[in-house]
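Enquirer: For reference, this is query-v1.csv, and it has CSV, C-alpha atoms and all ligand atoms.
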chain,number,residue,atom,x,y,z
J,1,MET,CA,-9.1,-9.6,1.7
J,2,ALA,CA,-5.6,-11.0,2.3
J,3,THR,CA,-3.2,-8.3,1.2
J,4,LYS,CA,-1.1,-9.6,-1.7
J,5,ASP,CA,2.1,-9.8,0.3
J,6,HIS,CA,0.6,-11.8,3.2
J,7,VAL,CA,-1.6,-14.5,1.6
J,8,ALA,CA,0.2,-17.3,3.4
J,9,GLY,CA,-0.2,-15.6,6.8
J,10,TYR,CA,-3.9,-14.9,6.3
J,11,THR,CA,-4.4,-18.5,5.2
J,12,LYS,CA,-2.4,-19.8,8.3
J,13,TYR,CA,-4.4,-17.8,10.8
J,14,PHE,CA,-7.8,-17.4,9.1
J,15,GLY,CA,-8.1,-20.4,6.7
J,16,ASN,CA,-9.5,-20.1,3.2
J,17,ARG,CA,-12.6,-18.1,4.0
J,18,PHE,CA,-11.3,-15.1,2.0
J,19,ALA,CA,-10.0,-17.1,-1.0
J,20,ASN,CA,-12.9,-16.3,-3.2
J,21,LEU,CA,-13.5,-12.7,-2.3
J,22,SER,CA,-12.8,-10.2,-5.0
J,23,PRO,CA,-13.3,-6.4,-4.9
J,24,GLU,CA,-15.3,-6.4,-8.1
J,25,ALA,CA,-17.5,-9.4,-7.7
J,26,THR,CA,-18.2,-10.1,-4.0
J,27,THR,CA,-21.7,-9.2,-2.9
J,28,GLU,CA,-22.9,-8.0,0.5
J,29,GLU,CA,-24.7,-11.4,0.9
J,30,GLU,CA,-21.4,-13.2,0.4
J,31,ILE,CA,-19.7,-11.0,3.0
J,32,LYS,CA,-22.5,-11.7,5.4
J,33,ASP,CA,-22.0,-15.4,4.9
J,34,VAL,CA,-18.2,-15.1,5.5
J,35,TYR,CA,-18.7,-13.3,8.9
J,36,LYS,CA,-21.7,-15.5,9.9
J,37,GLU,CA,-19.3,-18.5,9.8
J,38,TRP,CA,-16.4,-16.6,11.3
J,39,ALA,CA,-18.2,-14.8,14.2
J,40,SER,CA,-17.8,-17.4,16.9
J,41,LYS,CA,-14.1,-18.0,16.0
J,42,PHE,CA,-13.1,-14.4,15.2
J,43,ASP,CA,-11.7,-13.4,18.6
J,44,GLU,CA,-9.7,-16.5,19.1
J,45,GLU,CA,-8.2,-16.5,15.6
J,46,ASN,CA,-7.3,-12.8,15.8
J,47,SER,CA,-5.7,-13.4,19.2
J,48,ASN,CA,-3.6,-16.2,17.6
J,49,ALA,CA,-2.5,-13.8,14.9
J,50,ARG,CA,-1.6,-11.3,17.7
J,51,ILE,CA,-3.6,-8.4,16.4
J,52,VAL,CA,-2.5,-5.3,18.2
J,53,CYS,CA,-4.0,-2.4,16.3
J,54,HIS,CA,-7.1,-1.5,18.3
J,55,LYS,CA,-5.4,0.1,21.3
J,56,PRO,CA,-3.1,2.5,19.3
J,57,GLN,CA,-6.0,3.4,17.0
J,58,ALA,CA,-8.4,4.1,19.8
J,59,GLU,CA,-5.6,6.3,21.3
J,60,CYS,CA,-5.2,8.2,18.1
J,61,LEU,CA,-9.0,9.0,18.0
J,62,ASP,CA,-8.9,9.9,21.7
J,63,PHE,CA,-6.0,12.3,21.1
J,64,ALA,CA,-8.0,14.0,18.3
J,65,ILE,CA,-11.2,14.1,20.4
J,66,LYS,CA,-9.4,15.9,23.2
J,67,LYS,CA,-8.0,18.4,20.8
J,68,TYR,CA,-11.1,19.1,18.7
J,69,LEU,CA,-14.3,18.2,20.6
J,70,ASP,CA,-15.3,20.3,23.5
J,71,LYS,CA,-17.4,17.8,25.5
J,72,PRO,CA,-16.9,15.4,28.4
J,73,LYS,CA,-16.0,11.9,27.2
J,74,GLU,CA,-19.2,10.3,28.4
J,75,GLU,CA,-21.2,12.7,26.2
J,76,ILE,CA,-19.2,12.0,23.0
J,77,LYS,CA,-21.4,9.8,20.8
J,78,ILE,CA,-19.2,7.4,18.8
J,79,ILE,CA,-20.3,5.1,16.0
J,80,ASP,CA,-18.1,2.1,15.4
J,81,CYS,CA,-18.6,1.1,11.7
J,82,GLY,CA,-17.9,-2.5,10.9
J,83,ALA,CA,-17.7,-3.0,14.7
J,84,GLY,CA,-17.4,-6.7,14.4
J,85,THR,CA,-17.1,-8.4,17.8
J,86,GLY,CA,-16.3,-5.1,19.4
J,87,TRP,CA,-12.5,-4.8,19.9
J,88,ALA,CA,-12.5,-1.1,19.1
J,89,GLY,CA,-15.3,-0.5,21.6
J,90,VAL,CA,-13.4,-2.3,24.3
J,91,GLU,CA,-10.4,0.0,23.8
J,92,LEU,CA,-12.5,3.2,23.6
J,93,ASN,CA,-14.4,2.2,26.8
J,94,LYS,CA,-11.0,1.7,28.6
J,95,LEU,CA,-10.3,5.3,27.6
J,96,GLY,CA,-13.5,6.5,29.2
J,97,TYR,CA,-16.0,6.5,26.3
J,98,THR,CA,-19.4,5.0,27.2
J,99,ASN,CA,-21.7,6.4,24.5
J,100,LEU,CA,-21.0,3.8,21.8
J,101,CYS,CA,-23.0,2.5,18.9
J,102,ALA,CA,-22.0,-0.6,16.9
J,103,LEU,CA,-22.9,-0.8,13.2
J,104,ASP,CA,-22.1,-4.0,11.2
J,105,ILE,CA,-23.5,-5.9,8.2
J,106,SER,CA,-23.3,-9.1,10.2
J,107,GLN,CA,-25.9,-9.8,12.9
J,108,GLU,CA,-23.7,-12.7,14.1
J,109,MET,CA,-20.7,-10.4,14.6
J,110,LEU,CA,-22.9,-7.9,16.5
J,111,ASP,CA,-24.2,-10.8,18.7
J,112,GLU,CA,-20.6,-11.5,19.7
J,113,ALA,CA,-20.1,-7.7,20.4
J,114,LYS,CA,-23.2,-7.7,22.6
J,115,LYS,CA,-21.5,-10.2,25.0
J,116,LYS,CA,-18.8,-7.6,25.7
J,117,LYS,CA,-21.5,-5.2,27.2
J,118,ILE,CA,-19.7,-2.1,25.9
J,119,TYR,CA,-22.2,-0.7,23.3
J,120,GLN,CA,-25.5,1.1,24.0
J,121,LYS,CA,-26.9,0.5,20.5
J,122,PHE,CA,-26.6,-2.0,17.7
J,123,ILE,CA,-27.4,-1.4,14.0
J,124,CYS,CA,-27.3,-4.3,11.6
J,125,ALA,CA,-26.8,-2.5,8.2
J,126,PRO,CA,-24.4,-2.4,5.3
J,127,LEU,CA,-22.1,0.5,4.8
J,128,ASN,CA,-22.2,1.4,1.2
J,129,ASP,CA,-23.1,4.4,-1.1
J,130,GLN,CA,-26.8,4.5,0.2
J,131,GLN,CA,-28.0,6.4,3.2
J,132,SER,CA,-28.6,4.2,6.2
J,133,PRO,CA,-32.1,5.1,7.5
J,134,GLU,CA,-31.1,3.9,11.0
J,135,VAL,CA,-28.5,6.8,11.3
J,136,LYS,CA,-29.6,10.4,11.2
J,137,THR,CA,-27.5,13.0,9.4
J,138,GLY,CA,-24.9,14.4,11.8
J,139,GLU,CA,-26.1,12.1,14.6
J,140,TYR,CA,-22.7,11.2,15.9
J,141,ASP,CA,-19.7,13.2,17.2
J,142,ALA,CA,-17.1,10.7,16.0
J,143,MET,CA,-16.6,7.5,14.1
J,144,ILE,CA,-14.1,4.7,14.4
J,145,CYS,CA,-13.8,2.1,11.6
J,146,ILE,CA,-11.2,-0.6,11.9
J,147,GLY,CA,-10.5,-3.4,9.5
J,148,THR,CA,-13.5,-2.7,7.4
J,149,LEU,CA,-12.3,-0.4,4.7
J,150,ALA,CA,-11.0,-3.4,2.9
J,151,SER,CA,-11.4,-4.5,-0.7
J,152,ALA,CA,-14.5,-6.7,-1.1
J,153,HIS,CA,-15.9,-5.2,2.1
J,154,VAL,CA,-16.7,-1.5,1.7
J,155,LYS,CA,-16.2,0.5,-1.4
J,156,PRO,CA,-14.7,4.0,-1.4
J,157,ALA,CA,-18.0,5.6,-2.3
J,158,ALA,CA,-19.2,4.7,1.3
J,159,LEU,CA,-16.8,7.4,2.6
J,160,VAL,CA,-19.6,9.9,1.7
J,161,GLU,CA,-22.1,8.1,3.9
J,162,MET,CA,-19.5,7.9,6.7
J,163,ILE,CA,-19.2,11.7,6.6
J,164,ARG,CA,-23.0,12.1,6.6
J,165,MET,CA,-23.3,10.2,9.9
J,166,ILE,CA,-21.0,12.7,11.7
J,167,ARG,CA,-21.8,16.2,12.8
J,168,THR,CA,-20.0,19.2,11.3
J,169,GLY,CA,-16.8,19.6,13.3
J,170,GLY,CA,-16.9,15.9,14.4
J,171,LEU,CA,-14.3,13.3,13.6
J,172,VAL,CA,-14.2,10.3,11.2
J,173,SER,CA,-11.3,7.9,11.9
J,174,PHE,CA,-10.5,4.6,10.1
J,175,ASN,CA,-7.6,2.4,9.2
J,176,ILE,CA,-6.6,1.3,5.7
J,177,ARG,CA,-4.8,-2.0,5.5
J,178,TYR,CA,-1.3,-2.5,4.4
J,179,GLY,CA,-1.2,-2.4,0.6
J,180,GLU,CA,-4.8,-1.1,0.1
J,181,LEU,CA,-4.4,2.7,0.5
J,182,GLU,CA,-4.4,3.1,-3.3
J,183,ILE,CA,-8.0,1.9,-3.4
J,184,TYR,CA,-9.3,4.6,-1.1
J,185,GLN,CA,-6.9,7.5,-1.6
J,186,PRO,CA,-8.6,9.0,-4.7
J,187,LYS,CA,-11.9,9.3,-3.0
J,188,MET,CA,-10.3,10.6,0.2
J,189,GLU,CA,-8.6,13.3,-1.7
J,190,GLU,CA,-11.7,14.1,-3.8
J,191,LEU,CA,-13.6,14.7,-0.5
J,192,GLU,CA,-10.8,16.9,0.8
J,193,LYS,CA,-10.8,19.0,-2.3
J,194,ALA,CA,-14.6,19.3,-2.0
J,195,ARG,CA,-14.1,20.6,1.6
J,196,SER,CA,-16.3,17.7,2.9
J,197,TRP,CA,-13.5,17.0,5.4
J,198,GLU,CA,-10.0,17.9,6.3
J,199,LYS,CA,-7.2,15.6,7.5
J,200,VAL,CA,-6.3,15.9,11.1
J,201,SER,CA,-3.8,13.0,11.4
J,202,LYS,CA,-2.2,10.1,9.5
J,203,ASP,CA,-0.3,7.5,11.6
J,204,THR,CA,1.4,4.3,10.8
J,205,VAL,CA,0.3,1.9,13.6
J,206,PRO,CA,1.2,-1.7,14.5
J,207,GLN,CA,-1.3,-4.2,13.1
J,208,PHE,CA,-0.2,-7.8,13.8
J,209,ASP,CA,2.7,-8.8,16.0
J,210,VAL,CA,3.8,-11.9,14.0
J,211,ASP,CA,6.2,-12.1,11.1
J,212,ASP,CA,3.8,-13.5,8.4
J,213,MET,CA,1.0,-10.9,8.8
J,214,PRO,CA,1.0,-7.2,7.8
J,215,PRO,CA,3.1,-5.3,10.4
J,216,THR,CA,1.3,-2.0,10.1
J,217,SER,CA,-1.7,-0.2,8.8
J,218,THR,CA,-2.4,3.5,8.3
J,219,PHE,CA,-4.8,5.2,10.6
J,220,PHE,CA,-6.5,8.4,9.5
J,221,VAL,CA,-8.5,11.0,11.4
J,222,TYR,CA,-10.5,13.6,9.5
J,223,LYS,CA,-12.6,16.5,10.7
J,224,VAL,CA,-16.0,16.8,9.1
J,225,LEU,CA,-16.5,20.3,7.5
J,226,LYS,CA,-20.0,19.8,6.2
J,227,CYS,CA,-22.5,17.0,6.2
C,301,LIG,C1,-12.2,-7.6,9.7
C,301,LIG,S1,-13.7,-7.4,10.6
C,301,LIG,C2,-13.2,-6.1,11.7
C,301,LIG,C3,-14.1,-6.0,12.9
C,301,LIG,C4,-13.7,-5.0,13.9
C,301,LIG,N1,-13.8,-3.6,13.5
C,301,LIG,C5,-12.3,-5.2,14.4
C,301,LIG,O1,-11.4,-4.4,14.2
C,301,LIG,O2,-12.1,-6.3,15.1
C,301,LIG,C6,-14.6,-6.5,9.4
C,301,LIG,C7,-16.0,-6.2,9.8
C,301,LIG,O3,-16.7,-5.4,8.9
C,301,LIG,C8,-18.0,-5.9,8.6
C,301,LIG,N2,-18.4,-5.5,7.3
C,301,LIG,C9,-17.9,-6.0,6.1
C,301,LIG,N3,-18.4,-5.4,5.1
C,301,LIG,C10,-19.3,-4.5,5.6
C,301,LIG,C11,-20.2,-3.5,5.0
C,301,LIG,N4,-20.3,-3.3,3.7
C,301,LIG,N5,-20.9,-2.8,5.9
C,301,LIG,C12,-20.9,-2.9,7.2
C,301,LIG,N6,-20.0,-3.8,7.8
C,301,LIG,C13,-19.3,-4.6,7.0
C,301,LIG,C14,-17.9,-7.4,8.8
C,301,LIG,O4,-19.1,-8.0,9.1
C,301,LIG,C15,-16.9,-7.5,10.0
C,301,LIG,O5,-17.5,-7.5,11.2
Please go through the file and, once you have read it, give me the structure as structure tokens.
Expert:
Amino acid sequence: MATKDHVAGYTKYFGNRFANLSPEATTEEEIKDVYKEWASKFDEENSNARIVCHKPQAECLDFAIKKYLDKPKEEIKIIDCGAGTGWAGVELNKLGYTNLCALDISQEMLDEAKKKKIYQKFICAPLNDQQSPEVKTGEYDAMICIGTLASAHVKPAALVEMIRMIRTGGLVSFNIRYGELEIYQPKMEELEKARSWEKVSKDTVPQFDVDDMPPTSTFFVYKVLKC
């Protein structure tokens, strides 16, 4: 999970819990174990690493929602995929969004998110190339997904399932970590060529405000053309 240029920083702030993760071999059970152990310390350790990405990324999605979706904010149904302890939900809520669902593979991370009293619904399920029975096709107006499209976490094939969850004309937004764009880019482009979605914006946003961690990540917003 640590990007190759920032291994020392990840180890300093987050310990060795990612040392054995590999994009090819890590299973969903192993990811669950990592986050089960991390859940109660996740907020404190990320605060120590001065993570700053959630506000600008929520603002990018807010900008696109105002431009493309013709509904009052409180009616916009947003699913936060890989919601973790709920940092994205907190920022979206500050912007006026109240119809929020948190999906995550880790029940322990969702239990932490519940304490923030931001989300209406919680789904403990993996994001992968299978359809999640808990989410109807086109059920949501928009998706945010932060820190979760990462090697060993979610594979590029899951982008198809992310699109399925969002209604036609709705928005899918996510960040890709520093140094990991090449993993997801081919699938993103394949889906663009297939007219499954079209790119609305691509922004470089601040990620961590310390010298030894990735300074930026890339945040994308796509409009769903069919699902
Ligand atoms: C780095 S954390 C980011 C959490 C949150 N989005 C944030 O920005 O603080 C990654 C989250 O993705 C979840 N996750 C990892 N792999 C997943 C998968 N295949 N499906 C669903 N959630 C996953 C983890 O449990 C964890 O909560």
Enquirer: Hey, can you check how far atom CA of J:Asp209 sits from atom CA of J:Tyr10?
Expert: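 So the two atoms, atom CA of J:Asp209 and atom CA of J:Tyr10, lie 13.2 Å apart.
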Enquirer: Of the candidates J:Val34, J:Ala113, J:Cys53, J:Cys124, which shows the shortest atom-to-atom distance to J:Phe18, using only C-alpha atoms?
Expert: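 For J:Phe18, the nearest of the candidates is J:Val34.
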Enquirer: Could you list, as a VMD selection string, all the residues within 7 Å of ligand LIG 301 (chain C), counting all atoms listed in the file?
Expert: chain J and resid 28 31 to 32 35 54 81 to 88 103 to 106 109 125 to 128 145 to 148 153 to 154
Enquirer: Using all atoms listed in the file for the distances, tell me which of J:Met143, J:Ala157, J:Ile123, J:Ala25 is nearest to J:Asp80.
Expert: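 The answer is J:Met143, which sits nearest to J:Asp80.
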Enquirer: Between J:Glu44, J:Glu182, J:Asp141, J:Asp211, single out the one closest to J:Val224, counting only C-alpha atoms.
Expert: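 Closest to J:Val224, using only C-alpha atoms: J:Asp141.
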Enquirer: I'd like to know which of J:Arg177, J:Lys226, J:Arg167, J:Lys36 is closest to J:Leu149, using all atoms listed in the file.
Expert: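 Selected residue with least distance to J:Leu149: J:Arg177.
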Enquirer: With distances taken over only C-alpha atoms, which of J:Glu108, J:Ile79, J:Met188, J:Leu100 is nearest to J:Tyr140?
Expert: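 Result for the nearest residue to J:Tyr140: J:Ile79.
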Enquirer: Hey, which of J:Ala142, J:Leu191, J:Ala8, J:Val200 ends up closest to J:Ile76? Count all atoms listed in the file.
Expert: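 Comparing J:Ala142, J:Leu191, J:Ala8, J:Val200 against J:Ile76, the winner is J:Ala142.
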Enquirer: Provide the atom CA of J:Met213 to atom CA of J:His6 distance in Å, to one decimal place.
Expert: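 Taking atom CA of J:Met213 and atom CA of J:His6, their separation equals 5.7 Å.
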Enquirer: Give me the residues near J:Val90 as a PyMOL selection string, where near means some atom within 10 Å (using all atoms listed in the file) and where sequence neighbours in that chain fewer than 4 positions away do not count.
Expert: chain J and resi 54-55+58+85-86+94-95+97-98+113+116-119
Enquirer: Contacts of J:Lys67 at 12 Å or less, counting all atoms listed in the file, minus same-chain residues fewer than 3 places along, as a list of chain:residue names?
Expert: J:Cys60, J:Leu61, J:Asp62, J:Phe63, J:Ala64, J:Asp70, J:Lys71, J:Gly169, J:Gly170, J:Leu171, J:Val200, J:Ser201, J:Val221, J:Lys223
Enquirer: What does the structure give for the distance between atom CA of J:Arg195 and atom CA of J:Ile144, in Å to one decimal?
Expert: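 Computing it gives 20.4 Å between the two atoms.
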Enquirer: Can you tell me which residues surround J:Thr204 at a distance of at most 10 Å, considering all atoms listed in the file, apart from same-chain residues fewer than 6 positions away, and format the answer as JSON, numbers by chain?
Expert: {"J": [56, 57, 175, 176, 178, 215, 216, 217, 218, 219, 220]}
